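query03.txt, holding compact mmCIF, C-alpha atoms:
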# COMPACT_ATOMS: atom_id res chain seq x y z
CA MET A 1 -40.66 -32.56 39.67
CA SER A 2 -43.13 -31.37 42.31
CA THR A 3 -41.81 -32.26 45.76
CA THR A 4 -44.27 -30.70 48.22
CA ILE A 5 -47.99 -31.20 48.78
CA GLU A 6 -48.67 -27.63 47.68
CA HIS A 7 -46.70 -28.03 44.45
CA ILE A 8 -48.36 -31.36 43.64
CA GLU A 9 -51.84 -29.95 44.28
CA GLU A 10 -51.02 -26.95 42.11
CA ALA A 11 -49.74 -29.20 39.32
CA ILE A 12 -52.91 -31.31 39.45
CA GLY A 13 -55.04 -28.19 39.39
CA GLU A 14 -53.27 -26.91 36.27
CA ALA A 15 -53.39 -30.28 34.50
CA THR A 16 -57.14 -30.70 35.12
CA ALA A 17 -58.11 -27.11 34.28
CA PRO A 18 -60.41 -26.61 31.25
CA GLY A 19 -58.49 -26.29 28.01
CA PHE A 20 -55.22 -27.75 29.33
CA ARG A 21 -52.78 -28.57 26.51
CA ALA A 22 -55.12 -27.40 23.75
CA ARG A 23 -58.04 -29.41 25.19
CA LEU A 24 -56.12 -32.68 25.14
CA ILE A 25 -58.81 -34.72 26.90
CA ALA A 26 -61.55 -33.39 24.63
CA ARG A 27 -59.51 -34.21 21.52
CA GLY A 28 -58.89 -37.73 22.79
CA GLN A 29 -62.58 -38.29 23.50
CA ALA A 30 -63.61 -36.83 20.15
CA ARG A 31 -61.30 -39.23 18.34
CA ALA A 32 -62.52 -42.17 20.43
CA ILE A 33 -66.12 -41.52 19.34
CA ILE A 34 -65.31 -42.25 15.69
CA TRP A 35 -62.36 -44.60 16.16
CA ARG A 36 -62.82 -48.29 15.38
CA ASP A 37 -59.92 -50.61 16.24
CA GLY A 38 -57.54 -47.67 16.03
CA VAL A 39 -58.70 -46.66 12.55
CA LEU A 40 -60.43 -43.39 11.66
CA PRO A 41 -63.07 -43.07 8.91
CA ALA A 42 -61.88 -41.68 5.59
CA ASP A 43 -63.70 -38.39 6.11
CA ALA A 44 -62.58 -37.95 9.75
CA PRO A 45 -61.04 -34.71 10.99
CA THR A 46 -57.26 -34.61 11.19
CA PHE A 47 -55.86 -35.60 14.59
CA SER A 48 -52.24 -35.33 15.69
CA THR A 49 -50.20 -38.46 15.03
CA LYS A 50 -48.85 -38.06 18.57
CA LEU A 51 -52.27 -37.83 20.22
CA SER A 52 -52.15 -41.33 21.75
CA TYR A 53 -48.63 -40.73 23.06
CA ASP A 54 -49.70 -37.39 24.54
CA LEU A 55 -52.73 -38.98 26.23
CA TYR A 56 -50.63 -41.81 27.69
CA SER A 57 -48.03 -39.34 28.97
CA TYR A 58 -50.71 -37.12 30.45
CA GLY A 59 -52.55 -40.05 32.04
CA PHE A 60 -49.55 -41.67 33.69
CA GLY A 61 -48.20 -38.28 34.75
CA LEU A 62 -51.45 -37.45 36.53
CA LEU A 63 -51.64 -40.94 38.02
CA GLY A 64 -48.16 -40.49 39.49
CA LEU A 65 -49.10 -37.10 40.95
CA GLY A 66 -52.27 -38.51 42.47
CA LEU A 67 -50.42 -41.41 44.10
CA ARG A 68 -47.77 -39.11 45.54
CA LEU A 69 -50.44 -36.79 46.91
CA ARG A 70 -52.18 -39.72 48.62
CA GLU A 71 -48.93 -40.97 50.09
CA MET A 72 -48.08 -37.51 51.44
CA GLY A 73 -51.51 -37.00 53.01
CA GLY A 74 -52.63 -34.18 50.73
CA ASP A 75 -56.10 -33.19 49.56
CA MET A 76 -57.89 -36.45 48.70
CA THR A 77 -60.47 -34.63 46.59
CA ARG A 78 -57.67 -33.26 44.43
CA ALA A 79 -56.07 -36.72 44.25
CA ARG A 80 -59.32 -38.33 43.13
CA ARG A 81 -59.66 -35.65 40.46
CA ALA A 82 -56.20 -36.57 39.19
CA PHE A 83 -57.16 -40.27 39.06
CA GLU A 84 -60.39 -39.53 37.19
CA TYR A 85 -58.68 -37.41 34.54
CA ALA A 86 -55.87 -39.98 34.21
CA ALA A 87 -58.41 -42.75 33.68
CA THR A 88 -60.33 -40.69 31.12
CA ALA A 89 -57.15 -40.03 29.15
CA LEU A 90 -56.10 -43.70 29.13
CA GLU A 91 -59.61 -44.91 28.33
CA SER A 92 -59.85 -42.58 25.32
CA VAL A 93 -56.89 -44.43 23.80
CA VAL A 94 -57.61 -48.08 24.66
CA ALA A 95 -61.41 -48.38 24.54
CA LYS A 96 -61.55 -48.06 20.74
CA GLY A 97 -57.86 -48.48 19.99
CA ARG A 98 -56.03 -51.28 18.17
CA HIS A 99 -56.89 -54.75 19.45
CA ASP A 100 -53.43 -56.06 18.57
CA ASP A 101 -51.63 -53.47 20.71
CA ARG A 102 -49.17 -55.45 22.85
CA ASP A 103 -49.86 -53.34 25.96
CA ARG A 104 -53.61 -52.98 25.44
CA ASN A 105 -54.77 -55.01 28.44
CA PHE A 106 -52.15 -53.44 30.69
CA HIS A 107 -53.53 -50.00 29.86
CA PHE A 108 -57.09 -51.23 30.44
CA VAL A 109 -56.08 -52.36 33.94
CA MET A 110 -54.30 -49.07 34.62
CA ALA A 111 -57.32 -47.02 33.52
CA SER A 112 -59.67 -49.17 35.60
CA ALA A 113 -57.44 -48.87 38.66
CA CYS A 114 -57.49 -45.07 38.23
CA TYR A 115 -61.28 -45.07 38.14
CA HIS A 116 -61.31 -47.26 41.24
CA LEU A 117 -59.04 -44.87 43.14
CA ALA A 118 -61.25 -42.00 41.98
CA HIS A 119 -64.15 -43.80 43.74
CA LEU A 120 -65.82 -44.46 40.39
CA SER A 121 -66.05 -48.21 40.82
CA ALA A 122 -68.87 -48.71 38.31
CA ARG A 123 -66.79 -47.13 35.54
CA ALA A 124 -63.81 -49.29 36.51
CA TYR A 125 -65.97 -52.41 36.41
CA SER A 126 -67.53 -51.49 33.05
CA LEU A 127 -64.17 -50.76 31.45
CA LEU A 128 -62.64 -54.06 32.55
CA ALA A 129 -65.71 -55.93 31.33
CA ILE A 130 -64.58 -55.12 27.76
CA VAL A 131 -61.41 -57.21 28.09
CA GLN A 132 -62.23 -59.52 31.00
CA SER A 133 -62.39 -62.63 28.81
CA GLU A 134 -59.20 -61.88 26.86
CA GLU A 135 -55.97 -63.77 27.46
CA ASN A 136 -53.41 -61.03 26.87
CA PHE A 137 -52.86 -60.29 30.57
CA SER A 138 -49.75 -60.96 32.58
CA LEU A 139 -50.53 -62.92 35.72
CA ILE A 140 -50.19 -59.96 38.06
CA GLU A 141 -52.26 -57.77 35.73
CA ARG A 142 -54.96 -60.45 35.81
CA ALA A 143 -54.79 -60.52 39.61
CA LEU A 144 -55.10 -56.73 39.83
CA ALA A 145 -58.08 -56.83 37.47
CA LEU A 146 -59.82 -59.45 39.63
CA LEU A 147 -59.13 -57.31 42.68
CA ILE A 148 -60.81 -54.33 41.00
CA LEU A 149 -63.75 -56.51 39.92
CA ARG A 150 -64.08 -57.88 43.48
CA ASP A 151 -64.00 -61.41 42.05
CA PHE A 152 -62.33 -62.85 45.11
CA ASN A 153 -63.19 -66.46 44.28
CA ALA A 154 -61.34 -66.26 40.95
CA LEU A 155 -58.53 -64.27 42.58
CA GLU A 156 -58.08 -66.92 45.26
CA GLU A 157 -58.11 -69.69 42.65
CA LEU A 158 -55.51 -67.91 40.51
CA THR A 159 -53.31 -67.20 43.53
CA LEU A 160 -53.44 -70.73 44.91
CA LYS A 161 -52.77 -72.30 41.51
CA PHE A 162 -49.66 -70.21 40.93
CA ARG A 163 -48.31 -70.74 44.43
CA VAL A 164 -49.08 -74.46 44.61
CA ASP A 165 -47.61 -75.14 41.16
CA GLY A 166 -44.38 -73.53 42.39
CA VAL A 167 -43.75 -71.80 39.06
CA GLY A 168 -42.12 -68.83 40.77
CA SER A 169 -40.56 -70.62 43.71
CA ASP A 170 -36.86 -70.18 44.56
CA SER A 171 -36.11 -73.82 43.71
CA THR A 172 -37.78 -73.59 40.29
CA ILE A 173 -35.98 -70.36 39.37
CA ILE A 174 -32.61 -71.71 40.58
CA ALA A 175 -33.12 -74.91 38.59
CA THR A 176 -33.86 -72.83 35.48
CA PHE A 177 -30.67 -70.81 35.99
CA GLN A 178 -28.60 -73.95 36.49
CA ALA A 179 -30.00 -75.61 33.37
CA ASP A 180 -29.30 -72.51 31.30
CA TRP A 181 -25.77 -72.15 32.61
CA ALA A 182 -25.08 -75.84 31.95
CA ALA A 183 -26.32 -75.42 28.39
CA SER A 184 -24.18 -72.31 27.90
CA GLU A 185 -21.04 -74.35 28.59
CA LYS A 186 -21.82 -76.53 25.56
CA VAL A 187 -23.12 -73.84 23.20
CA HIS A 188 -21.62 -70.39 22.80
CA ARG A 189 -24.12 -67.90 24.18
CA LEU A 190 -24.21 -64.13 23.95
CA ALA A 191 -24.09 -62.20 27.21
CA ASP A 192 -27.38 -60.53 26.30
CA ASP A 193 -29.08 -63.94 26.21
CA GLU A 194 -27.79 -64.78 29.68
CA ASP A 195 -28.99 -61.43 30.98
CA SER A 196 -32.41 -62.14 29.49
CA VAL A 197 -32.64 -65.45 31.38
CA VAL A 198 -31.76 -63.71 34.65
CA LEU A 199 -34.35 -60.99 34.06
CA ASP A 200 -36.99 -63.61 33.23
CA GLY A 201 -36.21 -65.30 36.53
CA LEU A 202 -36.49 -62.00 38.36
CA ALA A 203 -39.85 -61.33 36.70
CA LEU A 204 -41.07 -64.73 37.92
CA ALA A 205 -39.85 -63.96 41.44
CA LEU A 206 -41.73 -60.65 41.36
CA THR A 207 -44.88 -62.46 40.25
CA ASP A 208 -44.49 -64.98 43.05
CA ASN A 209 -44.00 -62.19 45.59
CA PHE A 210 -47.09 -60.41 44.28
CA PHE A 211 -49.24 -63.51 44.69
CA GLY A 212 -47.78 -64.06 48.14
CA ALA A 213 -48.96 -60.57 49.09
CA ILE A 214 -52.41 -61.21 47.63
CA ALA A 215 -52.71 -64.51 49.50
CA THR A 216 -51.81 -62.75 52.75
CA PHE A 217 -54.39 -60.03 52.04
CA LEU A 218 -57.11 -62.63 51.42
CA LEU A 219 -56.22 -64.23 54.74
CA ALA A 220 -56.42 -60.80 56.40
CA LEU A 221 -59.94 -60.39 54.99
CA GLU A 222 -60.94 -63.79 56.34
CA ARG A 223 -59.47 -63.31 59.80
CA GLY A 224 -59.81 -59.57 60.21
CA GLU A 225 -56.21 -59.10 61.31
CA ARG A 226 -54.59 -55.79 60.38
CA SER A 227 -51.14 -57.27 61.01
CA LEU A 228 -51.67 -59.54 57.99
CA LEU A 229 -52.63 -56.52 55.90
CA GLU A 230 -49.41 -54.78 56.94
CA LYS A 231 -47.42 -57.88 55.98
CA ALA A 232 -49.05 -57.92 52.54
CA LEU A 233 -48.34 -54.23 52.04
CA ASN A 234 -44.70 -54.69 53.06
CA GLN A 235 -44.33 -57.40 50.41
CA LEU A 236 -45.81 -55.09 47.80
CA HIS A 237 -43.52 -52.22 48.83
CA GLU A 238 -40.55 -54.55 48.35
CA GLY A 239 -41.82 -55.34 44.86
CA VAL A 240 -42.12 -51.63 44.06
CA VAL A 241 -38.48 -51.06 45.04
CA ILE A 242 -37.13 -54.06 43.12
CA SER A 243 -39.20 -53.31 40.01
CA GLY A 244 -37.91 -49.75 40.04
CA GLU A 245 -34.29 -50.79 40.43
CA PHE A 246 -34.46 -53.10 37.40
CA ASN A 247 -36.73 -50.82 35.33
CA PHE A 248 -39.60 -53.31 35.20
CA LEU A 249 -42.15 -50.64 34.38
CA PRO A 250 -45.41 -52.68 34.07
CA GLN A 251 -44.61 -54.54 37.29
CA TRP A 252 -43.76 -51.25 39.04
CA TRP A 253 -47.11 -49.70 38.18
CA THR A 254 -49.02 -52.87 39.06
CA TYR A 255 -47.30 -53.18 42.43
CA LYS A 256 -47.71 -49.46 43.14
CA LEU A 257 -51.43 -49.49 42.42
CA ALA A 258 -51.95 -52.71 44.37
CA VAL A 259 -50.61 -51.01 47.50
CA HIS A 260 -53.27 -48.33 47.25
CA LEU A 261 -56.07 -50.68 46.19
CA LEU A 262 -55.47 -53.05 49.09
CA SER A 263 -55.40 -50.14 51.54
CA ASP A 264 -58.64 -48.73 50.12
CA LEU A 265 -60.41 -52.07 50.21
CA TRP A 266 -59.31 -52.82 53.77
CA GLU A 267 -60.54 -49.45 55.04
CA SER A 268 -63.94 -50.29 53.56
CA THR A 269 -64.27 -53.74 55.13
CA PHE A 270 -66.66 -54.49 57.94
CA HIS A 271 -63.58 -55.30 60.00
CA GLU A 272 -62.85 -51.57 59.95
CA MET A 273 -66.32 -50.09 59.53
CA LEU A 274 -68.02 -51.97 62.38
CA PRO A 275 -66.76 -50.64 65.74
CA LEU A 276 -65.13 -53.09 68.12
CA LEU A 277 -67.20 -51.65 70.96
CA PRO A 278 -70.78 -50.30 70.72
CA ALA A 279 -71.25 -46.54 70.92
CA GLY A 280 -74.56 -46.57 72.82
CA GLY A 281 -73.52 -48.21 76.07
CA GLU A 282 -72.78 -51.74 77.19
CA ALA A 283 -73.80 -54.63 74.97
CA GLN A 284 -72.62 -57.93 76.38
CA ASP A 285 -73.02 -59.90 73.16
CA TRP A 286 -71.68 -57.21 70.81
CA VAL A 287 -68.26 -58.76 70.14
CA SER A 288 -69.61 -62.24 69.42
CA LEU A 289 -72.47 -60.89 67.29
CA ARG A 290 -70.05 -58.70 65.34
CA GLU A 291 -67.81 -61.69 64.60
CA LEU A 292 -70.83 -63.84 63.68
CA PHE A 293 -72.14 -61.19 61.31
CA ILE A 294 -68.87 -60.92 59.39
CA ALA A 295 -68.36 -64.70 59.36
CA THR A 296 -71.89 -65.22 58.06
CA LEU A 297 -71.25 -62.90 55.15
CA THR A 298 -68.15 -64.89 54.23
CA VAL A 299 -70.10 -68.17 54.24
CA ILE A 300 -73.00 -66.68 52.26
CA CYS A 301 -70.82 -65.49 49.41
CA ASN A 302 -67.06 -64.88 49.65
CA PRO A 303 -64.68 -62.38 51.25
CA VAL A 304 -65.89 -59.59 48.99
CA VAL A 305 -69.06 -59.18 51.05
CA GLN A 306 -66.87 -57.99 53.89
CA ILE A 307 -66.47 -54.78 51.89
CA ALA A 308 -69.06 -52.54 53.49
CA ALA A 309 -72.03 -51.99 51.18
CA PHE A 310 -72.29 -48.33 52.01
CA LYS A 311 -68.67 -47.68 50.97
CA GLN A 312 -68.17 -49.89 47.91
CA PRO A 313 -70.47 -51.89 45.61
CA VAL A 314 -70.98 -55.54 46.53
CA TYR A 315 -71.39 -58.07 43.74
CA CYS A 316 -73.13 -61.07 45.23
CA ALA A 317 -76.57 -62.38 44.29
CA GLN A 318 -77.04 -64.14 47.64
CA PHE A 319 -76.23 -61.04 49.67
CA PRO A 320 -79.37 -60.41 51.82
CA ALA A 321 -81.13 -57.16 50.95
CA VAL A 322 -81.30 -56.20 54.62
CA PHE A 323 -77.49 -55.94 54.67
CA GLN A 324 -77.24 -53.72 51.58
CA GLY A 325 -78.20 -50.50 53.34
Representation of the structure as structure tokens:
Amino acid sequence: MSTTIEHIEEAIGEATAPGFRARLIARGQARAIIWRDGVLPADAPTFSTKLSYDLYSYGFGLLGLGLRLREMGGDMTRARRAFEYAATALESVVAKGRHDDRDRNFHFVMASACYHLAHLSARAYSLLAIVQSEENFSLIERALALLILRDFNALEELTLKFRVDGVGSDSTIIATFQADWAASEKVHRLADDEDSVVLDGLALALTDNFFGAIATFLLALERGERSLLEKALNQLHEGVVISGEFNFLPQWWTYKLAVHLLSDLWESTFHEMLPLLPAGGEAQDWVSLRELFIATLTVICNPVVQIAAFKQPVYCAQFPAVFQG
């Protein structure tokens, strides 16, 4: 495993070089062109039966390298290249793959998140549009998808509903455990079944923690307080650690990517992009006008308009043209 910035950058360079692994990316894209619901035409060329597995392995491997490079402060251009190639590999499997694949929507979200981190937001948006109306998302995958789509109204609604309903609250999970243990005293139960109940409870707690972090981030957008962003990120980091300890792989990836997505989005908000003090001399009304400008954008549409138009796309029909740069 690469452990230094130089080794990671070198590994990314090798993995994204033309012809890597017998032109793996090209083979995946060629198959995707003629694939329909994971089925090839009768007269199609012969592709390796392990091609999908190889593309998934390649994609997640590059994604991991790109995330580590970002976290270590390496070359961001090289990291974005890793994310783009990872997204391309994953997309070549899922875009025309089997619709009944259990992990299909998870891989769509992962590919879209990679495109987002590669600063290819339009491709991320277009890819998610294919599955946006489908139901086969876990709750935190749905939340991550809404974050990528900048649909903050739907994200807020989903977050509030889960938190208010108390589905993942401590009291609800404890009550579930107690009911199961009481039932196990009357009916002989295998240890594996009991472990499954505990893991289900842990998964619910992770979901609740994730939505708690998202709710804090939305509040940070509204109030412009970096301390709230840091609190949200700390909650997500806790989820990364716990997911890793219990081998909850989908949750681990979702948490891990959310950390980077939230950081990216915050750095592109008007809270960060508009200076606290003017650069051209004294301006007595600058602070109040700055606050009014950001608050007005929130009222016009929703918190997504606080993402600076010149850094990220803004999806809001009422957003005044004069503010779009």
_Near-Arg36 of chain A list (10 Å; only C-alpha atoms; drop same-chain fewer than 4 positions) as number ranges by chain_ = A: 31-32, 40-41, 95-99
_Contact residues around Leu139 of chain A with all atoms listed in the file at 10 Å, ignoring same-chain residues under 2 positions, as JSON, numbers by chain_ = {"A": [135, 136, 137, 141, 142, 143, 144, 145, 158, 159, 162, 204, 207, 208, 210, 211]}
*Find the spatial neighbours of Gly61 of chain A, counting all atoms listed in the file, within a cut-off of 10 Å - ignore same-chain residues fewer than 4 positions away - and output them as a PyMOL selection string.*
chain A and resi 12+15+55-57+65-66+82+86
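With all atoms listed in the file as the basis for measurement, A:Ile148 is the residue among A:Ala215, A:Ala258, A:Ile148, A:Ile294 that approaches Leu127 of chain A most closely.
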Against segment 114-123 of chain A, which residues of segment 49-92 of chain A fall within 10 Å? For each one I want the closest pair of atoms and the distance in Å (one decimal), counting all atoms listed in the file, rows by chain and increasing residue number, as a Markdown table.
| residue | atom | partner | partner_atom | distance |
| --- | --- | --- | --- | --- |
| A:Gly59 | CA | A:Cys114 | CA | 9.4 |
| A:Phe60 | CA | A:Cys114 | CA | 9.8 |
| A:Leu62 | CA | A:Cys114 | CA | 9.9 |
| A:Leu63 | CA | A:Cys114 | CA | 7.2 |
| A:Gly66 | CA | A:Leu117 | CA | 9.3 |
| A:Leu67 | CA | A:Leu117 | CA | 9.3 |
| A:Met76 | CA | A:Ala118 | CA | 9.3 |
| A:Thr77 | CA | A:Ala118 | CA | 8.7 |
| A:Arg78 | CA | A:Ala118 | CA | 9.8 |
| A:Ala79 | CA | A:Ala118 | CA | 7.7 |
| A:Arg80 | CA | A:Ala118 | CA | 4.3 |
| A:Arg81 | CA | A:Ala118 | CA | 6.7 |
| A:Ala82 | CA | A:Ala118 | CA | 7.9 |
| A:Phe83 | CA | A:Cys114 | CA | 4.9 |
| A:Glu84 | CA | A:Ala118 | CA | 5.5 |
| A:Tyr85 | CA | A:Cys114 | CA | 8.6 |
| A:Ala86 | CA | A:Cys114 | CA | 6.7 |
| A:Ala87 | CA | A:Cys114 | CA | 5.2 |
| A:Thr88 | CA | A:Tyr115 | CA | 8.3 |
| A:Leu90 | CA | A:Cys114 | CA | 9.3 |
| A:Glu91 | CA | A:Tyr115 | CA | 10.0 |
Near His107 of chain A, within 8 Å and counting only C-alpha atoms, which residues show up once chain neighbours fewer than 3 positions away are dropped, as a PDB file with C-alpha atoms, in the frame of the given file?
ATOM      1  CA  LEU A  90     -56.100 -43.700  29.130  1.00  0.00           C
ATOM      2  CA  VAL A  94     -57.610 -48.080  24.660  1.00  0.00           C
ATOM      3  CA  ASP A 103     -49.860 -53.340  25.960  1.00  0.00           C
ATOM      4  CA  ARG A 104     -53.610 -52.980  25.440  1.00  0.00           C
ATOM      5  CA  MET A 110     -54.300 -49.070  34.620  1.00  0.00           C
ATOM      6  CA  ALA A 111     -57.320 -47.020  33.520  1.00  0.00           C
TER       7      ALA A 111
END
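Of the listed residues (A:Leu149, A:Val131, A:Met273, A:Ile242), A:Leu149 comes nearest to Leu261 of chain A; the distances count all atoms listed in the file.
The shortest atom-to-atom distance to Ala154 of chain A, with all atoms listed in the file taken into account, belongs to A:Leu218 out of A:Leu51, A:Gln178, A:Leu218, A:Leu233.
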*Which residue gives the smallest distance to Trp266 of chain A among A:Thr49, A:Ser227, A:Ser126, A:Thr16, with only C-alpha atoms counted?*
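So, comparing all the options, the nearest one is A:Ser227.
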_So the first atom is atom CA of Ser138 of chain A and the second is atom CA of Asn105 of chain A; what is the distance between them in Å, to one decimal place?_
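Atom CA of Asn105 of chain A lies 8.8 Å from atom CA of Ser138 of chain A.
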*Find the distance between atom CA of Leu229 of chain A and atom CA of Ile214 of chain A and write it in Å to one decimal.*
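Straight-line distance from atom CA of Leu229 of chain A to atom CA of Ile214 of chain A works out to 9.5 Å.
Put simply, atom CA of Ala205 of chain A is 5.4 Å away from atom CA of Gly168 of chain A.
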_Which residue of A:Met72, A:Leu147, A:Ala220, A:Leu199 approaches Glu9 of chain A most closely, using only C-alpha atoms_ =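 Of A:Met72, A:Leu147, A:Ala220, A:Leu199, the one nearest Glu9 of chain A, counting only C-alpha atoms, is A:Met72.
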